[in-house]
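What's in coords-v4.pdb: PDB, C-alpha atoms
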MODEL        1
ATOM      1  CA  MET A   1     -35.918 -50.007 -13.039
ATOM      2  CA  PRO A   2     -32.927 -51.039 -10.893
ATOM      3  CA  ARG A   3     -30.621 -49.361 -13.463
ATOM      4  CA  ARG A   4     -32.418 -46.035 -13.032
ATOM      5  CA  LEU A   5     -32.090 -46.255  -9.265
ATOM      6  CA  ALA A   6     -28.403 -47.061  -9.565
ATOM      7  CA  SER A   7     -27.900 -44.129 -11.967
ATOM      8  CA  ALA A   8     -29.787 -41.764  -9.670
ATOM      9  CA  ALA A   9     -27.715 -42.963  -6.706
ATOM     10  CA  ALA A  10     -24.494 -42.431  -8.684
ATOM     11  CA  VAL A  11     -25.509 -38.887  -9.653
ATOM     12  CA  LEU A  12     -26.510 -38.135  -6.067
ATOM     13  CA  GLY A  13     -23.180 -39.553  -4.850
ATOM     14  CA  LEU A  14     -21.212 -37.371  -7.284
ATOM     15  CA  THR A  15     -23.219 -34.306  -6.292
ATOM     16  CA  THR A  16     -22.602 -34.994  -2.616
ATOM     17  CA  ALA A  17     -18.900 -35.633  -3.247
ATOM     18  CA  GLY A  18     -18.636 -32.353  -5.153
ATOM     19  CA  MET A  19     -20.284 -30.529  -2.269
ATOM     20  CA  ALA A  20     -17.936 -32.148   0.234
ATOM     21  CA  LEU A  21     -14.937 -30.898  -1.714
ATOM     22  CA  THR A  22     -16.100 -27.302  -1.524
ATOM     23  CA  VAL A  23     -17.089 -27.258   2.133
ATOM     24  CA  GLY A  24     -14.401 -25.995   4.490
ATOM     25  CA  THR A  25     -12.019 -24.489   1.965
ATOM     26  CA  ALA A  26     -10.395 -21.309   3.250
ATOM     27  CA  GLU A  27     -11.031 -18.042   1.520
ATOM     28  CA  ALA A  28      -8.013 -16.222   0.160
ATOM     29  CA  ALA A  29      -6.769 -13.592   2.573
ATOM     30  CA  SER A  30      -7.428  -9.986   1.666
ATOM     31  CA  TYR A  31      -5.317  -6.941   2.476
ATOM     32  CA  ASN A  32      -5.910  -5.778   6.057
ATOM     33  CA  SER A  33      -4.561  -2.171   5.912
ATOM     34  CA  ALA A  34      -1.726  -3.121   8.298
ATOM     35  CA  CYS A  35       0.699  -0.758   6.526
ATOM     36  CA  GLY A  36      -1.347   2.264   7.561
ATOM     37  CA  SER A  37      -3.173   5.071   5.841
ATOM     38  CA  GLY A  38      -2.042   6.242   2.423
ATOM     39  CA  TYR A  39      -0.842   2.808   1.274
ATOM     40  CA  SER A  40      -2.417   1.201  -1.782
ATOM     41  CA  VAL A  41      -1.956  -2.420  -2.880
ATOM     42  CA  ILE A  42       0.155  -2.503  -6.050
ATOM     43  CA  ASP A  43       0.819  -6.255  -6.174
ATOM     44  CA  SER A  44       0.118  -9.496  -4.333
ATOM     45  CA  MET A  45       1.091 -13.144  -4.431
ATOM     46  CA  ASP A  46      -0.308 -16.412  -3.127
ATOM     47  CA  VAL A  47       2.242 -17.798  -0.664
ATOM     48  CA  GLY A  48       0.575 -21.032   0.439
ATOM     49  CA  GLU A  49      -1.933 -20.618   3.259
ATOM     50  CA  GLY A  50      -1.988 -16.832   2.848
ATOM     51  CA  ASN A  51      -1.243 -13.887   0.607
ATOM     52  CA  THR A  52       1.580 -11.374   0.604
ATOM     53  CA  PHE A  53       0.613  -7.820  -0.309
ATOM     54  CA  LEU A  54       2.958  -5.159  -1.652
ATOM     55  CA  THR A  55       1.722  -1.645  -1.015
ATOM     56  CA  TYR A  56       3.020   1.815  -1.895
ATOM     57  CA  ASN A  57       2.494   5.256  -0.447
ATOM     58  CA  SER A  58       2.971   7.747  -3.296
ATOM     59  CA  SER A  59       3.205  10.739  -0.944
ATOM     60  CA  THR A  60       6.100   9.273   1.086
ATOM     61  CA  GLY A  61       7.874   6.996  -1.442
ATOM     62  CA  TYR A  62       7.701   4.008   0.918
ATOM     63  CA  ASN A  63       6.749   0.453  -0.006
ATOM     64  CA  CYS A  64       5.312  -1.892   2.605
ATOM     65  CA  VAL A  65       4.800  -5.665   2.677
ATOM     66  CA  VAL A  66       2.470  -7.719   4.855
ATOM     67  CA  THR A  67       1.585 -11.436   4.670
ATOM     68  CA  VAL A  68      -1.980 -12.234   5.761
ATOM     69  CA  SER A  69      -3.091 -15.713   6.841
ATOM     70  CA  ASP A  70      -5.942 -17.549   5.097
ATOM     71  CA  THR A  71      -6.951 -18.914   8.528
ATOM     72  CA  PRO A  72      -7.080 -15.910  10.867
ATOM     73  CA  GLY A  73      -7.021 -16.758  14.560
ATOM     74  CA  THR A  74      -5.022 -19.952  14.056
ATOM     75  CA  ALA A  75      -1.284 -19.681  14.762
ATOM     76  CA  ALA A  76       0.861 -20.549  11.739
ATOM     77  CA  TYR A  77       4.277 -19.752  10.342
ATOM     78  CA  LEU A  78       4.078 -16.461   8.416
ATOM     79  CA  ASP A  79       6.867 -14.545   6.652
ATOM     80  CA  ALA A  80       6.887 -11.060   5.121
ATOM     81  CA  ARG A  81      10.025  -9.629   3.513
ATOM     82  CA  LEU A  82      11.006  -6.466   1.641
ATOM     83  CA  ARG A  83      14.286  -4.762   0.724
ATOM     84  CA  LEU A  84      15.959  -2.688  -1.944
ATOM     85  CA  HIS A  85      17.109  -5.050  -4.693
ATOM     86  CA  SER A  86      20.232  -6.980  -3.769
ATOM     87  CA  THR A  87      22.061  -9.985  -5.183
ATOM     88  CA  SER A  88      22.748 -11.244  -1.644
ATOM     89  CA  THR A  89      20.958 -14.407  -0.584
ATOM     90  CA  SER A  90      20.803 -13.278   3.051
ATOM     91  CA  TRP A  91      18.282 -10.778   4.311
ATOM     92  CA  ALA A  92      19.413  -8.197   6.874
ATOM     93  CA  ALA A  93      17.633  -7.626  10.165
ATOM     94  CA  GLY A  94      14.604  -5.418   9.679
ATOM     95  CA  THR A  95      13.907  -6.690   6.164
ATOM     96  CA  VAL A  96      12.082  -9.855   7.307
ATOM     97  CA  ASP A  97       9.349 -10.530   9.846
ATOM     98  CA  ASP A  98       8.750 -14.239  10.342
ATOM     99  CA  GLY A  99       7.388 -16.410  13.086
ATOM    100  CA  SER A 100       4.222 -17.973  14.429
ATOM    101  CA  TYR A 101       1.376 -15.474  14.024
ATOM    102  CA  LYS A 102      -2.412 -15.724  14.178
ATOM    103  CA  TYR A 103      -3.226 -12.998  11.664
ATOM    104  CA  TYR A 104      -0.312 -11.489   9.734
ATOM    105  CA  ALA A 105       3.455 -10.934   9.487
ATOM    106  CA  GLY A 106       4.843  -7.467   8.906
ATOM    107  CA  PRO A 107       4.531  -4.728   8.114
ATOM    108  CA  ILE A 108       8.018  -4.249   6.651
ATOM    109  CA  TYR A 109       8.838  -0.859   5.086
ATOM    110  CA  VAL A 110      11.483   0.374   2.665
ATOM    111  CA  TYR A 111      12.018   3.781   1.084
ATOM    112  CA  ALA A 112      12.273   2.929  -2.601
ATOM    113  CA  PRO A 113      11.291   5.716  -5.024
ATOM    114  CA  ASN A 114      12.906   5.073  -8.427
ATOM    115  CA  SER A 115      14.443   1.829  -7.108
ATOM    116  CA  CYS A 116      13.939  -1.879  -7.653
ATOM    117  CA  ILE A 117      12.848  -4.039  -4.740
ATOM    118  CA  ASP A 118      12.825  -7.679  -3.644
ATOM    119  CA  TRP A 119       9.653  -8.728  -1.835
ATOM    120  CA  GLY A 120       7.759 -11.844  -0.854
ATOM    121  CA  GLY A 121       6.650 -14.103   1.943
ATOM    122  CA  ALA A 122       5.422 -17.474   3.099
ATOM    123  CA  ALA A 123       2.419 -18.855   4.960
ATOM    124  CA  ALA A 124       2.305 -22.223   6.747
ATOM    125  CA  SER A 125       5.133 -23.462   4.534
ATOM    126  CA  ASN A 126       8.900 -23.856   4.477
ATOM    127  CA  TYR A 127       8.839 -22.458   0.940
ATOM    128  CA  THR A 128       9.310 -18.686   0.700
ATOM    129  CA  ARG A 129       8.256 -17.032  -2.548
ATOM    130  CA  VAL A 130      10.186 -13.879  -3.545
ATOM    131  CA  ASN A 131      10.068 -11.590  -6.563
ATOM    132  CA  TYR A 132      13.543 -10.153  -7.159
ATOM    133  CA  ASN A 133      14.440  -6.917  -8.973
ATOM    134  CA  ASP A 134      10.763  -6.034  -9.179
ATOM    135  CA  HIS A 135       8.650  -2.868  -9.374
ATOM    136  CA  CYS A 136      11.496  -0.720 -10.622
ATOM    137  CA  GLY A 137      10.300   2.846 -10.656
TER     138      GLY A 137
ENDMDL
END
When written as structure tokens, how does the structure in this file appear?
Amino acid sequence: MPRRLASAAAVLGLTTAGMALTVGTAEAASYNSACGSGYSVIDSMDVGEGNTFLTYNSSTGYNCVVTVSDTPGTAAYLDARLRLHSTSTSWAAGTVDDGSYKYYAGPIYVYAPNSCIDWGGAAASNYTRVNYNDHCG
């Protein structure tokens, strides 16, 4: 009898531990339409405590990037970046929006029909993820 109680307690403990691991986890951020009307999400990437979304407006030929926090309302470092493809390691003014934001960084726009782009971002991290020479049209 004591073995059954111990087994039941162990199962209950594992079940409770499993529940504790799932409570409080942030949901992945979804696109917030910050680029404006006419933009559709064509790609996205997990950038730590948020997601970076690459959008495109087929009627204007512009791409747009925005990084959305997984914890809206809480200030955190966010980075959104977008440019025509370049081999330079530095990003010119106007191609990056980074700082402490509560909801999102960006939008950043570039006119890029039939061109390759570099795009990416970061969220609550010193690590910036970038896809280079991407979405060549």
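Atom pair CA of Tyr103 (chain A) / CA of Ile117 (chain A): separated by 24.7 Å.
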What are the nearest atom pairs, with distances in Å to one decimal, for all residues of region 33-55 of chain A that come at most 12 Å from region 70-73 of chain A, using all atoms listed in the file, set out by chain and rising residue number as a tab-separated table?
residue	atom	partner	partner_atom	distance
A:Asp46	CA	A:Asp70	CA	10.0
A:Val47	CA	A:Asp70	CA	10.0
A:Gly48	CA	A:Asp70	CA	8.7
A:Glu49	CA	A:Asp70	CA	5.4
A:Gly50	CA	A:Asp70	CA	4.6
A:Asn51	CA	A:Asp70	CA	7.5
A:Thr52	CA	A:Asp70	CA	10.7
Skip Gly121 (chain A) itself and residues of its chain fewer than 6 positions away, then list as an MDAnalysis selection string all residues within 7 Å of it, counting all atoms listed in the file.
-> chainID A and resid 47 52 67 79:81 128:130
Written file, previous selection with C-alpha atoms, as a PDB file, in the frame of the given file:
ATOM      1  CA  VAL A  47       2.242 -17.798  -0.664  1.00  0.00           C
ATOM      2  CA  THR A  52       1.580 -11.374   0.604  1.00  0.00           C
ATOM      3  CA  THR A  67       1.585 -11.436   4.670  1.00  0.00           C
ATOM      4  CA  ASP A  79       6.867 -14.545   6.652  1.00  0.00           C
ATOM      5  CA  ALA A  80       6.887 -11.060   5.121  1.00  0.00           C
ATOM      6  CA  ARG A  81      10.025  -9.629   3.513  1.00  0.00           C
ATOM      7  CA  THR A 128       9.310 -18.686   0.700  1.00  0.00           C
ATOM      8  CA  ARG A 129       8.256 -17.032  -2.548  1.00  0.00           C
ATOM      9  CA  VAL A 130      10.186 -13.879  -3.545  1.00  0.00           C
TER      10      VAL A 130
END
Can you tell me, as an MDAnalysis selection string, what residues are no more than 7 Å from Arg83 (chain A) when counting all atoms listed in the file, ignoring any on the same chain fewer than 6 positions away?
-> chainID A and resid 95 110 117:119
What residues come out when you apply the PyMOL selection byres ((chain A and resi 30) around 8) to this file, written as a PyMOL selection string?
-> chain A and resi 28-29+31-32+51+68
Would you save the residues from that selection as a PDB file, keeping the file's coordinate frame, using C-alpha atoms?
ATOM      1  CA  ALA A  28      -8.013 -16.222   0.160  1.00  0.00           C
ATOM      2  CA  ALA A  29      -6.769 -13.592   2.573  1.00  0.00           C
ATOM      3  CA  TYR A  31      -5.317  -6.941   2.476  1.00  0.00           C
ATOM      4  CA  ASN A  32      -5.910  -5.778   6.057  1.00  0.00           C
ATOM      5  CA  ASN A  51      -1.243 -13.887   0.607  1.00  0.00           C
ATOM      6  CA  VAL A  68      -1.980 -12.234   5.761  1.00  0.00           C
TER       7      VAL A  68
END
Could you pull the residues within 8 Å of Cys35 (chain A), counting only C-alpha atoms, minus those fewer than 4 positions along the same chain, as a PyMOL selection string?
-> chain A and resi 39+55+64-66+107
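For the pair CA of Leu82 (chain A) and CA of Ala105 (chain A), the interatomic distance is 11.8 Å.
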Expressed in Å, the length from CA of Lys102 (chain A) to CA of Ala34 (chain A) is 13.9 Å
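Closest approach to Ala112 (chain A) among A:Ala93, A:Ala124, A:Leu84, A:Val41: A:Leu84, based on all atoms listed in the file.
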Written as a ChimeraX atom specification, which residues does the PyMOL selection byres ((chain A and resi 87) around 10) give for the file shown?
-> /A:85-86,88-90,118,132-133
For those residues, write C-alpha atoms to a file as a PDB file, in the coordinates of the input.
ATOM      1  CA  HIS A  85      17.109  -5.050  -4.693  1.00  0.00           C
ATOM      2  CA  SER A  86      20.232  -6.980  -3.769  1.00  0.00           C
ATOM      3  CA  SER A  88      22.748 -11.244  -1.644  1.00  0.00           C
ATOM      4  CA  THR A  89      20.958 -14.407  -0.584  1.00  0.00           C
ATOM      5  CA  SER A  90      20.803 -13.278   3.051  1.00  0.00           C
ATOM      6  CA  ASP A 118      12.825  -7.679  -3.644  1.00  0.00           C
ATOM      7  CA  TYR A 132      13.543 -10.153  -7.159  1.00  0.00           C
ATOM      8  CA  ASN A 133      14.440  -6.917  -8.973  1.00  0.00           C
TER       9      ASN A 133
END
Once the PyMOL selection byres ((chain A and resi 135) around 8) has been applied to the shown file, what residues remain in the selection, as a ChimeraX atom specification?
-> /A:115-117,133-134,136-137
